[in-house]
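Novice: Could you have a look at this structure, given as structure tokens, before my questions?
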Amino acid sequence: MAPMLLDTHAHLISDNWARYRAQPFTPDLPVPERPAYTMTKDELLLLMDRHGVSNACLVQRGHVYGYDNSCILDAAEEHPERLHPVVILDTQDPRSAAHYRDLVRARGVSGFRMAQSRPWILDTAWLSSPSAMEVWKACADLGTPMAVIVFDNQLPYVLPLIKLIAQQFPDLPIVLDHGAMPYGMSQYEVALREAAGEEVTMPPPPDYGLDGSVAIFADLPNIYYKITEIVFERTVKAGVEASALVRRMADMFGADRLVWGSDVGQSMLWDYARKVAMARDAARLLDASEMHAFLYDNAARIYGVGRAVAVSNAEQGI
């Protein structure tokens, strides 16, 4: 029997537009348009049941709901044993650290995500201003992981900063969304580059651009790499085997530092069945222990979920 999966990167899009309204990150940005699809909690749970996914982290869909995390918080409260909210708050608001502490204690929030909504603004305040550092401290104090999304043009200066912060909080799990490497470049970023007249190409094997990016974290065991559909989109377009990239990362960092996330509700090039199939295929060069670590065990440890499922898997000899 195939091992159970834990999806660390699922986005919800409600079908109740009156209750969960679109919100821009800042007042100077336009109100986001309603997506042409939904991914409700019920739709997600049905897909998870069909495809062997026991648990999912509900990552705030910031480019739809901004800092209003109500959609994922309400969904997780209905299904706390399976759905685990990862919120986005304004790191420049000095109230956010205290607000996050309250959300963890009162509403079962499982993690924080730091995001810079506009990649063309090259700054680091969103990550390391005094108010942002208070959020890092809150996560460390509470034992909840921090996820960080880094755009491709930010890699050269943001990754060294993350390393400094990771050294400051050595017990805090820090999850790099989409791997924070060249193969983590989203379709949005590709479109921006191509609109500027650039040709977007990915670094070839055997390095895959790792040495010039995330290799700086090799000696930091609290840094984790999230492999998602965005990574698979880049490997498919580049004609690269995702399994070879994952094997390379496991050799560089250890398979116990890799997790999988579907990016459903955001990346919709493939349906959920294909996303899960690609995750399993990406793990095919790993041994059984490494495969379990990548697809389930690491995420369960980081987010503190799935103990009952892990016991069930052991009983079944999976």
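To be explicit about the labels: the chains of the structure tokens are called A, B, and onward in the order shown, and within each one the residues are counted from 1, while ligands get numbers from 1 in the order they are shown.
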How close does region 133-164 of chain A get to region 297-307 of chain A? List, as CSV, each residue of region 133-164 of chain A within 10 Å, its nearest atom pair and the distance in Å to one decimal, counting only C-alpha atoms.
Specialist:
residue,atom,partner,partner_atom,distance
A:Gly143,CA,A:Ile302,CA,9.1
A:Thr144,CA,A:Tyr303,CA,7.1
A:Pro145,CA,A:Ile302,CA,6.7
A:Met146,CA,A:Ile302,CA,9.9
Novice: When you look at Asp171 (chain A) with a cut-off of 10 Å (counting only C-alpha atoms), what residues show up, excluding the ones that are within fewer than 3 positions of it in the same chain? I need them as number ranges by chain.
Specialist: A: 140-141, 143, 145, 166-168, 174, 221-223
Novice: Can I get the selected residues back with C-alpha atoms, as a PDB file, in the first residue's frame?
Specialist:
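This is the output file again38.pdb:
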ATOM      1  CA  ALA A 140       9.983  30.403  18.243  1.00  0.00           C
ATOM      2  CA  ASP A 141       8.325  30.865  21.633  1.00  0.00           C
ATOM      3  CA  GLY A 143       7.032  26.219  18.697  1.00  0.00           C
ATOM      4  CA  PRO A 145       6.963  26.772  12.157  1.00  0.00           C
ATOM      5  CA  ALA A 166      17.766  30.813  11.306  1.00  0.00           C
ATOM      6  CA  GLN A 167      20.966  30.915  13.306  1.00  0.00           C
ATOM      7  CA  GLN A 168      19.286  33.253  15.793  1.00  0.00           C
ATOM      8  CA  ILE A 174      11.738  27.378   8.848  1.00  0.00           C
ATOM      9  CA  PRO A 221      19.022  21.536  10.276  1.00  0.00           C
ATOM     10  CA  ASN A 222      16.090  23.827  11.066  1.00  0.00           C
ATOM     11  CA  ILE A 223      15.732  24.838   7.383  1.00  0.00           C
TER      12      ILE A 223
END
Novice: Excluding Arg82 (chain A) and any residue of its chain fewer than 6 positions from it, enumerate the residues within 9 Å of it, using only C-alpha atoms, and give them as a PyMOL selection string.
Specialist: chain A and resi 45+54-57+76+305-306
Novice: Find the spatial neighbours of region 100-113 of chain A, counting only C-alpha atoms, within a cut-off of 6 Å - ignore same-chain residues fewer than 5 positions away - and output them as a list in words.
Specialist: His84, Pro85, Val86, Val87, Ile88, Thr144, Pro145, Met146, Ala147 and Val148 of chain A
Novice: How about saving the chosen residues, C-alpha atoms kept, as a short mmCIF file (atom, residue, chain, number, x, y, z; two decimals), in the first residue's frame?
Specialist:
data_model
loop_
_atom_site.label_atom_id
_atom_site.label_comp_id
_atom_site.auth_asym_id
_atom_site.auth_seq_id
_atom_site.Cartn_x
_atom_site.Cartn_y
_atom_site.Cartn_z
CA HIS A 84 -4.14 23.06 9.98
CA PRO A 85 -4.14 26.82 9.26
CA VAL A 86 -1.00 28.73 8.31
CA VAL A 87 -1.78 32.43 8.48
CA ILE A 88 -0.38 35.57 6.87
CA THR A 144 5.09 26.85 15.48
CA PRO A 145 6.96 26.77 12.16
CA MET A 146 7.65 29.76 9.95
CA ALA A 147 7.13 29.45 6.20
CA VAL A 148 8.77 32.00 3.90
#
Novice: Quick one: residues within 9 Å of Glu241 (chain A), only C-alpha atoms counted, chain neighbours fewer than 4 positions away excluded, as a ChimeraX atom specification?
Specialist: /A:232,235-236,245-246,282
Novice: Based on the backbone DSSP call, show me all residues of region 15-128 of chain A assigned strand (DSSP E or B), as a PyMOL selection string.
Specialist: chain A and resi 39+53-59+83-87+111-114
Novice: Please produce a file of the residues just selected, as a tab-separated table (two decimals), in the first residue's frame, where the atoms kept are C-alpha atoms.
Specialist:
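The new file again-v8.tsv reads:
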chain	number	residue	atom	x	y	z
A	39	MET	CA	-11.45	25.14	-3.52
A	53	VAL	CA	-3.82	12.56	1.81
A	54	SER	CA	-4.50	12.43	5.54
A	55	ASN	CA	-3.88	16.05	6.55
A	56	ALA	CA	-3.39	19.43	4.92
A	57	CYS	CA	-1.94	22.75	5.96
A	58	LEU	CA	-4.32	25.51	4.88
A	59	VAL	CA	-2.00	28.26	3.70
A	83	LEU	CA	-6.85	20.84	8.50
A	84	HIS	CA	-4.14	23.06	9.98
A	85	PRO	CA	-4.14	26.82	9.26
A	86	VAL	CA	-1.00	28.73	8.31
A	87	VAL	CA	-1.78	32.43	8.48
A	111	GLY	CA	2.11	28.21	11.51
A	112	PHE	CA	2.94	31.62	10.08
A	113	ARG	CA	3.83	32.56	6.51
A	114	MET	CA	5.93	35.59	5.67
